[in-house]
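> Hey, dropping structure.pdb in here, PDB, C-alpha atoms:
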```
ATOM      1  CA  MET A  18    -125.327  61.735 -35.643
ATOM      2  CA  PHE A  19    -123.471  59.292 -33.487
ATOM      3  CA  PRO A  20    -125.230  56.221 -32.081
ATOM      4  CA  THR A  21    -124.881  55.645 -28.374
ATOM      5  CA  ARG A  22    -121.877  53.804 -27.034
ATOM      6  CA  ALA A  23    -124.168  51.096 -25.727
ATOM      7  CA  LEU A  24    -124.986  50.258 -29.321
ATOM      8  CA  LEU A  25    -121.387  50.458 -30.421
ATOM      9  CA  GLY A  26    -120.125  48.151 -27.727
ATOM     10  CA  ARG A  27    -121.112  44.766 -29.001
ATOM     11  CA  SER A  28    -122.657  43.257 -32.113
ATOM     12  CA  VAL A  29    -126.407  42.865 -31.877
ATOM     13  CA  TRP A  30    -126.415  39.380 -33.348
ATOM     14  CA  LYS A  31    -124.358  38.123 -30.416
ATOM     15  CA  GLY A  32    -126.843  39.323 -27.846
ATOM     16  CA  PRO A  33    -125.754  40.025 -24.281
ATOM     17  CA  ASN A  34    -122.909  37.985 -22.838
ATOM     18  CA  ILE A  35    -124.889  35.373 -20.944
ATOM     19  CA  VAL A  36    -122.593  33.202 -18.886
ATOM     20  CA  PRO A  37    -123.959  30.080 -17.201
ATOM     21  CA  ILE A  38    -123.619  30.751 -13.486
ATOM     22  CA  PRO A  39    -124.956  28.311 -10.871
ATOM     23  CA  LEU A  40    -127.770  30.301  -9.294
ATOM     24  CA  PRO A  41    -129.383  29.290  -6.005
ATOM     25  CA  ARG A  42    -132.611  27.344  -6.267
ATOM     26  CA  THR A  43    -134.718  29.670  -4.136
ATOM     27  CA  LEU A  44    -134.899  33.371  -4.829
ATOM     28  CA  PRO A  45    -134.147  35.447  -2.855
ATOM     29  CA  PRO A  46    -131.627  33.060  -1.280
ATOM     30  CA  PRO A  47    -132.031  32.394   2.449
ATOM     31  CA  PRO A  48    -129.662  34.357   4.717
ATOM     32  CA  ASN A  49    -126.232  32.920   5.465
ATOM     33  CA  THR A  50    -125.864  31.407   2.013
ATOM     34  CA  PRO A  51    -122.308  31.969   0.841
ATOM     35  CA  PRO A  52    -121.857  34.388  -2.088
ATOM     36  CA  ILE A  53    -121.362  32.884  -5.529
ATOM     37  CA  ARG A  54    -117.654  32.862  -6.322
ATOM     38  CA  THR A  55    -116.932  33.700  -9.910
ATOM     39  CA  GLN A  56    -114.183  34.922 -12.159
ATOM     40  CA  LYS A  57    -116.582  35.780 -14.989
ATOM     41  CA  ARG A  58    -116.257  39.537 -14.763
ATOM     42  CA  SER A  59    -117.661  40.057 -18.224
ATOM     43  CA  ALA A  60    -120.935  38.277 -17.446
ATOM     44  CA  THR A  61    -123.951  40.494 -18.026
ATOM     45  CA  ILE A  62    -126.107  40.972 -14.949
ATOM     46  CA  LEU A  63    -129.486  39.447 -15.726
ATOM     47  CA  PRO A  64    -132.782  40.378 -14.055
ATOM     48  CA  ASN A  65    -132.829  37.081 -12.140
ATOM     49  CA  PHE A  66    -129.526  37.966 -10.422
ATOM     50  CA  VAL A  67    -131.214  40.692  -8.376
ATOM     51  CA  GLY A  68    -130.890  40.102  -4.646
ATOM     52  CA  ILE A  69    -127.991  37.653  -4.942
ATOM     53  CA  ARG A  70    -124.543  38.233  -3.485
ATOM     54  CA  PHE A  71    -121.605  37.534  -5.763
ATOM     55  CA  ALA A  72    -117.953  37.252  -4.905
ATOM     56  CA  VAL A  73    -116.238  38.566  -8.006
ATOM     57  CA  HIS A  74    -112.557  38.059  -8.668
ATOM     58  CA  ASN A  75    -110.503  41.218  -8.953
ATOM     59  CA  GLY A  76    -107.364  39.467 -10.129
ATOM     60  CA  LYS A  77    -106.194  38.667  -6.629
ATOM     61  CA  THR A  78    -109.072  38.210  -4.216
ATOM     62  CA  TYR A  79    -112.824  37.805  -4.380
ATOM     63  CA  GLN A  80    -114.870  40.888  -3.489
ATOM     64  CA  GLU A  81    -118.502  40.775  -2.556
ATOM     65  CA  VAL A  82    -121.122  42.570  -4.637
ATOM     66  CA  TYR A  83    -124.782  42.713  -3.783
ATOM     67  CA  ILE A  84    -126.841  42.942  -6.968
ATOM     68  CA  THR A  85    -129.585  45.559  -6.992
ATOM     69  CA  GLU A  86    -132.140  46.375  -9.631
ATOM     70  CA  GLU A  87    -130.147  49.298 -11.058
ATOM     71  CA  MET A  88    -127.234  47.039 -11.950
ATOM     72  CA  VAL A  89    -129.189  44.942 -14.445
ATOM     73  CA  GLY A  90    -127.684  45.092 -17.915
ATOM     74  CA  ARG A  91    -124.183  45.957 -16.743
ATOM     75  CA  LYS A  92    -121.268  43.635 -16.168
ATOM     76  CA  LEU A  93    -120.203  42.010 -12.903
ATOM     77  CA  GLY A  94    -116.681  43.363 -13.263
ATOM     78  CA  GLU A  95    -117.833  46.957 -13.346
ATOM     79  CA  TYR A  96    -118.490  46.856  -9.620
ATOM     80  CA  VAL A  97    -115.154  45.412  -8.533
ATOM     81  CA  ALA A  98    -112.040  47.496  -9.012
ATOM     82  CA  THR A  99    -108.966  45.754 -10.355
ATOM     83  CA  ARG A 100    -106.489  48.494  -9.526
ATOM     84  CA  LYS A 101    -105.186  49.863  -6.273
ATOM     85  CA  ARG A 102    -104.981  53.558  -5.764
ATOM     86  CA  PHE A 103    -101.464  54.884  -5.778
ATOM     87  CA  THR A 104    -100.050  55.499  -2.328
ATOM     88  CA  TYR A 105     -96.605  56.772  -1.642
ATOM     89  CA  LYS A 106     -94.511  54.331   0.338
ATOM     90  CA  GLN A 107     -91.646  55.745   2.358
ATOM     91  CA  SER A 108     -88.434  53.799   1.943
ATOM     92  CA  LYS A 109     -86.017  53.607   4.890
ATOM     93  CA  ASN A 110     -82.712  53.395   3.058
ATOM     94  CA  LYS A 111     -82.062  56.343   0.816
TER      95      LYS A 111
ATOM     96  CA  MET B  16    -135.736  92.253 -29.463
ATOM     97  CA  VAL B  17    -137.602  88.965 -29.791
ATOM     98  CA  PHE B  18    -138.533  86.628 -26.990
ATOM     99  CA  ILE B  19    -137.996  82.923 -27.678
ATOM    100  CA  LEU B  20    -138.684  80.662 -24.710
ATOM    101  CA  GLY B  21    -138.293  83.547 -22.280
ATOM    102  CA  VAL B  22    -134.894  84.608 -23.611
ATOM    103  CA  ASN B  23    -134.363  87.931 -25.321
ATOM    104  CA  PHE B  24    -132.510  87.842 -28.640
ATOM    105  CA  PRO B  25    -131.366  90.937 -30.575
ATOM    106  CA  GLU B  26    -133.010  91.204 -33.980
ATOM    107  CA  ARG B  27    -129.834  91.195 -36.034
ATOM    108  CA  ASN B  28    -128.662  87.780 -34.721
ATOM    109  CA  LEU B  29    -128.865  84.677 -36.885
ATOM    110  CA  LEU B  30    -131.812  82.546 -35.798
ATOM    111  CA  LYS B  31    -129.840  79.334 -36.161
ATOM    112  CA  LYS B  32    -127.095  80.562 -33.847
ATOM    113  CA  SER B  33    -129.629  81.958 -31.408
ATOM    114  CA  LEU B  34    -131.316  78.560 -31.099
ATOM    115  CA  GLN B  35    -127.927  76.969 -30.520
ATOM    116  CA  SER B  36    -127.417  79.145 -27.465
ATOM    117  CA  PHE B  37    -129.821  76.859 -25.613
ATOM    118  CA  PHE B  38    -128.105  73.995 -23.803
ATOM    119  CA  GLY B  39    -129.005  70.810 -25.657
ATOM    120  CA  ILE B  40    -129.509  72.328 -29.105
ATOM    121  CA  GLY B  41    -126.631  72.094 -31.509
ATOM    122  CA  ASN B  42    -126.041  72.468 -35.202
ATOM    123  CA  ASP B  43    -128.137  69.465 -36.136
ATOM    124  CA  THR B  44    -131.191  70.120 -33.984
ATOM    125  CA  SER B  45    -131.365  73.793 -34.840
ATOM    126  CA  SER B  46    -131.221  73.174 -38.588
ATOM    127  CA  ARG B  47    -133.914  70.532 -38.209
ATOM    128  CA  LEU B  48    -136.094  73.011 -36.354
ATOM    129  CA  LEU B  49    -135.614  75.598 -39.099
ATOM    130  CA  ALA B  50    -136.498  73.042 -41.763
ATOM    131  CA  ARG B  51    -139.584  72.012 -39.860
ATOM    132  CA  PHE B  52    -141.031  75.526 -39.925
ATOM    133  CA  ASN B  53    -139.799  76.327 -43.469
ATOM    134  CA  ILE B  54    -137.370  79.012 -42.325
ATOM    135  CA  HIS B  55    -134.314  79.600 -44.490
ATOM    136  CA  PRO B  56    -130.969  78.905 -42.799
ATOM    137  CA  THR B  57    -129.676  82.490 -42.893
ATOM    138  CA  CYS B  58    -132.790  83.966 -41.353
ATOM    139  CA  ARG B  59    -132.272  86.688 -38.751
ATOM    140  CA  VAL B  60    -134.283  86.779 -35.561
ATOM    141  CA  GLY B  61    -135.950  90.031 -36.611
ATOM    142  CA  GLU B  62    -137.347  88.558 -39.832
ATOM    143  CA  LEU B  63    -139.533  86.043 -38.010
ATOM    144  CA  ALA B  64    -143.276  86.379 -38.171
ATOM    145  CA  ASN B  65    -145.109  86.457 -34.877
ATOM    146  CA  LYS B  66    -146.676  83.055 -35.470
ATOM    147  CA  GLN B  67    -143.311  81.451 -36.218
ATOM    148  CA  VAL B  68    -141.957  82.714 -32.897
ATOM    149  CA  LEU B  69    -144.914  81.193 -31.097
ATOM    150  CA  ASP B  70    -144.510  77.892 -32.947
ATOM    151  CA  LEU B  71    -140.801  77.712 -32.120
ATOM    152  CA  THR B  72    -141.441  78.499 -28.473
ATOM    153  CA  ALA B  73    -144.141  75.838 -28.310
ATOM    154  CA  VAL B  74    -141.810  73.187 -29.743
ATOM    155  CA  LEU B  75    -138.854  74.254 -27.594
ATOM    156  CA  SER B  76    -140.906  74.142 -24.421
ATOM    157  CA  GLU B  77    -141.701  70.486 -25.065
ATOM    158  CA  MET B  78    -138.103  69.511 -25.780
ATOM    159  CA  LYS B  79    -135.722  68.425 -23.033
ATOM    160  CA  ILE B  80    -133.285  71.332 -23.008
ATOM    161  CA  GLU B  81    -131.539  73.667 -20.577
ATOM    162  CA  ASN B  82    -131.960  72.792 -16.902
ATOM    163  CA  ASP B  83    -134.034  69.646 -17.461
ATOM    164  CA  LEU B  84    -131.276  68.196 -19.617
ATOM    165  CA  ARG B  85    -128.562  69.304 -17.201
ATOM    166  CA  ARG B  86    -130.385  67.649 -14.345
ATOM    167  CA  GLU B  87    -130.790  64.438 -16.343
ATOM    168  CA  VAL B  88    -127.088  64.249 -17.173
ATOM    169  CA  LEU B  89    -126.095  64.936 -13.571
ATOM    170  CA  ASN B  90    -128.552  62.318 -12.325
ATOM    171  CA  ASP B  91    -127.109  59.739 -14.720
ATOM    172  CA  ILE B  92    -123.612  60.402 -13.394
ATOM    173  CA  LYS B  93    -124.872  60.318  -9.821
ATOM    174  CA  ARG B  94    -126.568  56.975 -10.408
ATOM    175  CA  LEU B  95    -123.329  55.535 -11.769
ATOM    176  CA  LYS B  96    -121.540  56.710  -8.637
ATOM    177  CA  GLU B  97    -124.114  55.421  -6.204
ATOM    178  CA  THR B  98    -124.198  51.938  -7.681
ATOM    179  CA  GLY B  99    -120.409  51.879  -7.456
ATOM    180  CA  THR B 100    -119.494  51.350 -11.093
ATOM    181  CA  TYR B 101    -116.074  51.888 -12.537
ATOM    182  CA  ARG B 102    -117.376  54.762 -14.638
ATOM    183  CA  GLY B 103    -118.836  56.484 -11.590
ATOM    184  CA  ARG B 104    -115.559  56.154  -9.763
ATOM    185  CA  ARG B 105    -113.680  57.709 -12.680
ATOM    186  CA  HIS B 106    -116.103  60.625 -12.695
ATOM    187  CA  ALA B 107    -115.556  61.191  -8.988
ATOM    188  CA  LEU B 108    -111.780  61.022  -9.319
ATOM    189  CA  GLY B 109    -111.749  63.513 -12.180
ATOM    190  CA  LEU B 110    -110.118  61.072 -14.570
ATOM    191  CA  PRO B 111    -111.037  59.968 -18.125
ATOM    192  CA  VAL B 112    -114.106  57.713 -18.079
ATOM    193  CA  ARG B 113    -113.918  55.858 -21.382
ATOM    194  CA  GLY B 114    -110.560  54.159 -21.199
ATOM    195  CA  GLN B 115    -108.324  56.909 -22.535
ATOM    196  CA  ARG B 116    -104.689  56.923 -21.561
ATOM    197  CA  THR B 117    -103.800  58.903 -18.460
ATOM    198  CA  ARG B 118    -100.066  59.116 -18.889
ATOM    199  CA  THR B 119    -100.351  62.526 -20.533
ATOM    200  CA  GLN B 120    -103.039  64.948 -21.644
ATOM    201  CA  ILE B 121    -105.932  64.567 -19.232
ATOM    202  CA  LYS B 122    -106.568  68.263 -18.695
ATOM    203  CA  THR B 123    -110.170  68.212 -19.887
ATOM    204  CA  PRO B 124    -111.468  65.510 -17.524
ATOM    205  CA  VAL B 125    -109.507  66.999 -14.633
ATOM    206  CA  LYS B 126    -111.273  70.259 -15.336
ATOM    207  CA  LEU B 127    -114.762  68.889 -15.978
ATOM    208  CA  ASN B 128    -115.267  65.596 -14.148
ATOM    209  CA  ARG B 129    -116.281  66.476 -10.614
ATOM    210  CA  MET B 130    -118.802  65.196  -8.133
ATOM    211  CA  GLU B 131    -121.139  67.703  -9.770
ATOM    212  CA  ARG B 132    -119.896  67.699 -13.329
ATOM    213  CA  ARG B 133    -119.396  71.077 -14.966
ATOM    214  CA  LEU B 134    -121.818  71.412 -17.851
TER     215      LEU B 134
END
```
Translate the structure of the given file into structure tokens.


Amino acid sequence: MFPTRALLGRSVWKGPNIVPIPLPRTLPPPPNTPPIRTQKRSATILPNFVGIRFAVHNGKTYQEVYITEEMVGRKLGEYVATRKRFTYKQSKNK
Amino acid sequence: MVFILGVNFPERNLLKKSLQSFFGIGNDTSSRLLARFNIHPTCRVGELANKQVLDLTAVLSEMKIENDLRREVLNDIKRLKETGTYRGRRHALGLPVRGQRTRTQIKTPVKLNRMERRL
């Protein structure tokens, strides 16, 4: 029998990848607070992130992600795509 | 003909293979079930005693198989899509989900990964 991929992903002794991120003092943050800019795509989403807006780097720009309860335990980068979809560009000179 | 969990099996069929015809029961689970009720692995469906059939049906009805399991898998995929994860997006696009290469040989995910995955 094969263990789940969640178990295979990372050694247990390391624990989840907890990255120190400056969280707002009051939770949930008051409206009009700017989203937290971060490049730490591999940071595990912790339960105290719920209700916070993040601006996660996709390699070029920062995209906003609103953290909900279902996202806990996953990574920030999972919600921000790093690749563009292929679109055919017509060239003028053939 | 013997009824196991509402399905009719011909008497000459192997019991182990008959159990595997349920979605969610494979080689491992079916041999475990046989061992649990002290049935030998090459037993045919017709050789079962009446009580053994009832026992098997009782255990199978408590397991998560067939449509319950299908629904669970589909719900898991749907949840991935709704939260907007990379994996959910790959499911919706019909592309490999677990980081396989896509340069060649992606026939299986193209065939199976849909909005409602084929199971």

> Would you kindly translate the ChimeraX specification (/B :<9) & /A into the concrete residues it picks from this file, as a ChimeraX atom specification?

/A:18,85,87-88,94-98

> Just so the selection is clear, what residues does the PyMOL selection byres ((chain B and resi 28-42) around 6) cover here, as a list in words?

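That selection, the PyMOL selection byres ((chain B and resi 28-42) around 6), comes back as Pro25, Glu26, Arg27, Asp43, Thr44, Ser45, Cys58, Arg59, Val60, Ile80 and Glu81 of chain B.
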
> Translate the PyMOL selection byres ((chain B and resi 132) around 12) into a concrete residue list for this structure, as a list in words.

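For this structure, the PyMOL selection byres ((chain B and resi 132) around 12) resolves to Arg85, Arg86, Glu87, Val88, Leu89, Asn90, Asp91, Ile92, Lys93, Gly103, Arg105, His106, Ala107, Leu108, Gly109, Leu110, Thr123, Pro124, Val125, Lys126, Leu127, Asn128, Arg129, Met130, Glu131, Arg133 and Leu134 of chain B.
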
> Residues at most 12 Å from segment 75-81 of chain A, counting all atoms listed in the file, excluding those fewer than 4 positions away in the same chain, as an NGL selection string?

:A and (51-59 or 69-71 or 93-101)
